[in-house]
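*Asks:* This is start.tsv, which holds TSV, C-alpha atoms:
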```
chain	number	residue	atom	x	y	z
F	1029	MET	CA	91.47	105.20	96.64
F	1030	GLY	CA	91.87	107.97	94.11
F	1031	GLU	CA	92.67	105.46	91.40
F	1032	CYS	CA	89.48	103.55	92.19
F	1033	ILE	CA	87.45	106.74	91.84
F	1034	GLU	CA	89.15	107.51	88.53
F	1035	ARG	CA	88.38	104.03	87.24
F	1036	ILE	CA	84.74	104.28	88.29
F	1037	HIS	CA	84.47	107.57	86.46
F	1038	GLU	CA	86.16	106.05	83.42
F	1039	TYR	CA	83.77	103.09	83.40
F	1040	THR	CA	80.60	105.12	83.87
F	1041	ALA	CA	81.57	108.50	82.37
F	1042	GLY	CA	79.13	109.87	84.94
F	1043	ASP	CA	76.26	108.33	82.97
F	1044	ARG	CA	73.69	106.38	84.95
F	1045	SER	CA	72.29	104.71	81.84
F	1046	ARG	CA	75.76	103.43	80.96
F	1047	PHE	CA	76.01	101.94	84.46
F	1048	GLU	CA	72.54	100.42	84.31
F	1049	ALA	CA	72.98	98.96	80.81
F	1050	SER	CA	76.06	96.86	81.46
F	1051	ARG	CA	76.63	94.16	84.03
F	1052	LEU	CA	80.30	94.40	83.17
F	1053	VAL	CA	80.35	98.08	84.16
F	1054	GLN	CA	78.31	97.31	87.28
F	1055	ASP	CA	80.75	94.59	88.32
F	1056	ALA	CA	83.75	96.84	87.65
F	1057	VAL	CA	82.24	99.69	89.66
F	1058	ILE	CA	81.33	97.43	92.56
F	1059	ARG	CA	84.80	95.89	92.59
F	1060	ASN	CA	86.44	99.31	92.66
F	1061	LEU	CA	84.09	100.47	95.42
F	1062	GLN	CA	85.09	97.39	97.38
F	1063	THR	CA	88.79	98.16	96.92
F	1064	LEU	CA	88.22	101.83	97.77
F	1065	THR	CA	86.33	101.06	100.97
F	1066	GLU	CA	88.87	98.46	102.06
F	1067	SER	CA	91.66	100.95	101.43
F	1068	SER	CA	89.89	103.57	103.52
F	1069	GLN	CA	90.12	101.27	106.53
F	1070	ARG	CA	93.90	101.25	106.22
F	1071	LEU	CA	94.21	104.99	106.72
F	1072	SER	CA	95.38	106.07	110.14
F	1073	ASP	CA	92.99	107.87	112.46
F	1074	ASP	CA	95.28	110.92	112.30
F	1075	ILE	CA	94.97	111.09	108.52
F	1076	LYS	CA	91.21	110.59	108.65
F	1077	ALA	CA	90.95	113.36	111.23
F	1078	THR	CA	92.23	115.85	108.64
F	1079	GLU	CA	88.94	115.37	106.74
F	1080	PRO	CA	86.32	115.01	109.48
F	1081	GLN	CA	83.42	115.67	107.09
F	1082	VAL	CA	84.11	112.36	105.31
F	1083	PRO	CA	81.86	109.68	106.83
F	1084	TRP	CA	84.70	107.21	107.38
F	1085	ARG	CA	82.63	104.83	109.53
F	1086	GLU	CA	79.81	104.74	106.97
F	1087	LEU	CA	82.37	104.10	104.25
F	1088	ALA	CA	83.58	101.05	106.15
F	1089	GLY	CA	79.98	99.94	106.61
F	1090	PHE	CA	79.32	100.25	102.90
F	1091	ARG	CA	82.25	97.91	102.33
F	1092	ASN	CA	80.46	95.25	104.36
F	1093	VAL	CA	77.30	95.72	102.30
F	1094	ILE	CA	79.25	95.28	99.06
F	1095	VAL	CA	81.35	92.35	100.22
F	1096	HIS	CA	78.58	90.44	101.96
F	1097	GLY	CA	75.67	91.49	99.77
F	1098	TYR	CA	76.50	88.87	97.16
F	1099	LEU	CA	73.80	88.95	94.50
F	1100	GLY	CA	71.51	91.17	96.56
F	1101	ILE	CA	73.40	94.41	95.99
F	1102	ASP	CA	71.09	97.36	95.40
F	1103	LEU	CA	72.30	98.93	92.16
F	1104	VAL	CA	70.28	102.08	92.77
F	1105	ALA	CA	72.15	102.58	96.05
F	1106	VAL	CA	75.46	101.88	94.33
F	1107	TRP	CA	74.72	104.52	91.71
F	1108	LEU	CA	73.79	107.05	94.41
F	1109	VAL	CA	77.18	106.47	96.02
F	1110	VAL	CA	78.92	106.93	92.67
F	1111	ASP	CA	76.94	110.02	91.78
F	1112	GLN	CA	76.66	111.79	95.12
F	1113	ASP	CA	79.35	110.49	97.47
F	1114	LEU	CA	82.40	109.95	95.28
F	1115	PRO	CA	82.87	113.56	94.08
F	1116	PRO	CA	83.26	115.01	97.61
F	1117	LEU	CA	85.40	112.02	98.61
F	1118	ALA	CA	87.67	112.65	95.62
F	1119	GLU	CA	88.04	116.29	96.70
F	1120	ALA	CA	88.89	115.22	100.26
F	1121	LEU	CA	91.46	112.74	98.97
F	1122	ALA	CA	93.05	115.43	96.79
F	1123	ARG	CA	93.38	117.70	99.84
F	1124	MET	CA	94.84	114.86	101.89
F	1125	MET	CA	97.40	114.10	99.20
F	1126	ALA	CA	98.31	117.78	98.85
F	1127	ARG	CA	98.90	118.03	102.61
F	1128	ASN	CA	100.97	114.85	102.53
F	1129	GLN	CA	103.15	116.19	99.70
F	1130	ALA	CA	103.65	119.46	101.55
F	1131	ASP	CA	104.98	117.62	104.61
```
Could you rewrite the structure in this file as structure tokens?

*Replies:*
Amino acid sequence: MGECIERIHEYTAGDRSRFEASRLVQDAVIRNLQTLTESSQRLSDDIKATEPQVPWRELAGFRNVIVHGYLGIDLVAVWLVVDQDLPPLAEALARMMARNQAD
């Protein structure tokens, strides 16, 4: 999941205009969001419980939107996820990994 977030950041450099200007970047971001959301469903409930502020159920729901949205994916909504939701998710993942390494 962390690698997907890193790739999304690499592709967009945090720049909305870069995302909007390139279908290649859009496709790469959407693909990595799909992988990220699918990976989130593989985490155990115990691991998810360590970060209760992460909207795990909504993350899974977003996966369905991406996978089944086909050509009707709302790019504005995708950018909002990238811009607003990924930074706190990355922080939560870093804490989860730190706890896992400490065990």

*Asks:* Here is a test: counting all atoms listed in the file, which residue of F:Val1093, F:Asp1074, F:Val1082, F:Gln1069 is nearest to Val1106 in chain F?

*Replies:* F:Val1093

*Asks:* One number please: CA of Leu1071 in chain F to CA of Asp1113 in chain F, in Å, one decimal.

*Replies:*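 Taking CA of Leu1071 in chain F as the start and CA of Asp1113 in chain F as the end point, the length is 18.3 Å.
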
*Asks:* Show me, as a ChimeraX atom specification, the residues that have an atom within 12 Å of range 1039-1051 of chain F when counting all atoms listed in the file, minus same-chain residues fewer than 6 positions from it.

*Replies:* /F:1032-1033,1057-1060,1102-1112,1114-1115

*Asks:* With distances taken over all atoms listed in the file, which residue among F:Pro1116, F:Leu1121, F:Ser1068, F:Asp1055 lies nearest Ile1101 in chain F?

*Replies:*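 Closest to Ile1101 in chain F, using all atoms listed in the file: F:Asp1055.
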
*Asks:* Excluding same-chain residues fewer than 5 positions from Met1125 in chain F, what lies within 12 Å of it counting all atoms listed in the file, as a ChimeraX atom specification?

*Replies:* /F:1029-1030,1075-1076,1078-1079,1118-1120,1130-1131

*Asks:* Write a file of the just-selected residues containing C-alpha atoms, as a compact mmCIF listing (two decimals), in the frame of the given file.

*Replies:*
```txt
# COMPACT_ATOMS: atom_id res chain seq x y z
CA MET F 1029 91.47 105.20 96.64
CA GLY F 1030 91.87 107.97 94.11
CA ILE F 1075 94.97 111.09 108.52
CA LYS F 1076 91.21 110.59 108.65
CA THR F 1078 92.23 115.85 108.64
CA GLU F 1079 88.94 115.37 106.74
CA ALA F 1118 87.67 112.65 95.62
CA GLU F 1119 88.04 116.29 96.70
CA ALA F 1120 88.89 115.22 100.26
CA ALA F 1130 103.65 119.46 101.55
CA ASP F 1131 104.98 117.62 104.61
```

*Asks:* Rank nothing, just name the residue among F:Asn1128, F:Thr1065, F:Ser1072, F:Gln1054 nearest to Glu1086 in chain F, using only C-alpha atoms.

*Replies:*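 Residue with the minimum atom-to-atom distance to Glu1086 in chain F: F:Thr1065.
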
*Asks:* Using Å and a single decimal, report how far CA of Ser1067 in chain F sits from CA of Ala1088 in chain F.

*Replies:* 9.4 Å

*Asks:* Can you patch up range 1048-1074 of chain F, filling it in to N, CA and C atoms, and show the result as a CSV table (one decimal), in the frame of the given file?

*Replies:*
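Result file is rebuild.csv:
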```csv
chain,number,residue,atom,x,y,z
F,1048,GLU,N,73.7,101.3,84.3
F,1048,GLU,CA,72.5,100.4,84.3
F,1048,GLU,C,72.5,99.4,83.2
F,1049,ALA,N,73.1,99.8,82.0
F,1049,ALA,CA,73.0,99.0,80.8
F,1049,ALA,C,74.0,97.8,80.8
F,1050,SER,N,75.0,97.8,81.6
F,1050,SER,CA,76.1,96.9,81.5
F,1050,SER,C,76.4,96.2,82.8
F,1051,ARG,N,76.2,94.9,82.8
F,1051,ARG,CA,76.6,94.2,84.0
F,1051,ARG,C,78.1,94.2,84.2
F,1052,LEU,N,78.8,94.3,83.1
F,1052,LEU,CA,80.3,94.4,83.2
F,1052,LEU,C,80.7,95.7,83.9
F,1053,VAL,N,80.1,96.8,83.5
F,1053,VAL,CA,80.4,98.1,84.2
F,1053,VAL,C,79.9,98.0,85.6
F,1054,GLN,N,78.8,97.4,85.9
F,1054,GLN,CA,78.3,97.3,87.3
F,1054,GLN,C,79.3,96.5,88.1
F,1055,ASP,N,79.8,95.4,87.6
F,1055,ASP,CA,80.8,94.6,88.3
F,1055,ASP,C,82.1,95.4,88.5
F,1056,ALA,N,82.5,96.1,87.5
F,1056,ALA,CA,83.8,96.8,87.6
F,1056,ALA,C,83.6,98.0,88.7
F,1057,VAL,N,82.5,98.6,88.7
F,1057,VAL,CA,82.2,99.7,89.7
F,1057,VAL,C,82.2,99.1,91.1
F,1058,ILE,N,81.5,98.0,91.2
F,1058,ILE,CA,81.3,97.4,92.6
F,1058,ILE,C,82.7,96.9,93.1
F,1059,ARG,N,83.5,96.4,92.2
F,1059,ARG,CA,84.8,95.9,92.6
F,1059,ARG,C,85.7,97.1,93.0
F,1060,ASN,N,85.6,98.2,92.3
F,1060,ASN,CA,86.4,99.3,92.7
F,1060,ASN,C,85.9,100.0,93.9
F,1061,LEU,N,84.6,100.0,94.2
F,1061,LEU,CA,84.1,100.5,95.4
F,1061,LEU,C,84.6,99.6,96.6
F,1062,GLN,N,84.6,98.3,96.3
F,1062,GLN,CA,85.1,97.4,97.4
F,1062,GLN,C,86.5,97.7,97.7
F,1063,THR,N,87.4,97.8,96.7
F,1063,THR,CA,88.8,98.2,96.9
F,1063,THR,C,88.9,99.5,97.6
F,1064,LEU,N,88.2,100.5,97.2
F,1064,LEU,CA,88.2,101.8,97.8
F,1064,LEU,C,87.9,101.8,99.3
F,1065,THR,N,86.8,101.1,99.6
F,1065,THR,CA,86.3,101.1,101.0
F,1065,THR,C,87.3,100.3,101.8
F,1066,GLU,N,87.9,99.2,101.3
F,1066,GLU,CA,88.9,98.5,102.1
F,1066,GLU,C,90.1,99.3,102.3
F,1067,SER,N,90.5,100.1,101.3
F,1067,SER,CA,91.7,101.0,101.4
F,1067,SER,C,91.4,102.0,102.5
F,1068,SER,N,90.2,102.5,102.6
F,1068,SER,CA,89.9,103.6,103.5
F,1068,SER,C,90.1,103.1,105.0
F,1069,GLN,N,89.9,101.8,105.2
F,1069,GLN,CA,90.1,101.3,106.5
F,1069,GLN,C,91.6,101.2,106.9
F,1070,ARG,N,92.5,101.3,105.9
F,1070,ARG,CA,93.9,101.2,106.2
F,1070,ARG,C,94.5,102.6,106.5
F,1071,LEU,N,93.7,103.7,106.4
F,1071,LEU,CA,94.2,105.0,106.7
F,1071,LEU,C,94.3,105.2,108.2
F,1072,SER,N,95.3,105.8,108.7
F,1072,SER,CA,95.4,106.1,110.1
F,1072,SER,C,94.3,107.0,110.6
F,1073,ASP,N,94.0,107.0,111.9
F,1073,ASP,CA,93.0,107.9,112.5
F,1073,ASP,C,93.4,109.3,112.3
F,1074,ASP,N,94.8,109.6,112.4
F,1074,ASP,CA,95.3,110.9,112.3
F,1074,ASP,C,95.0,111.5,110.9
```
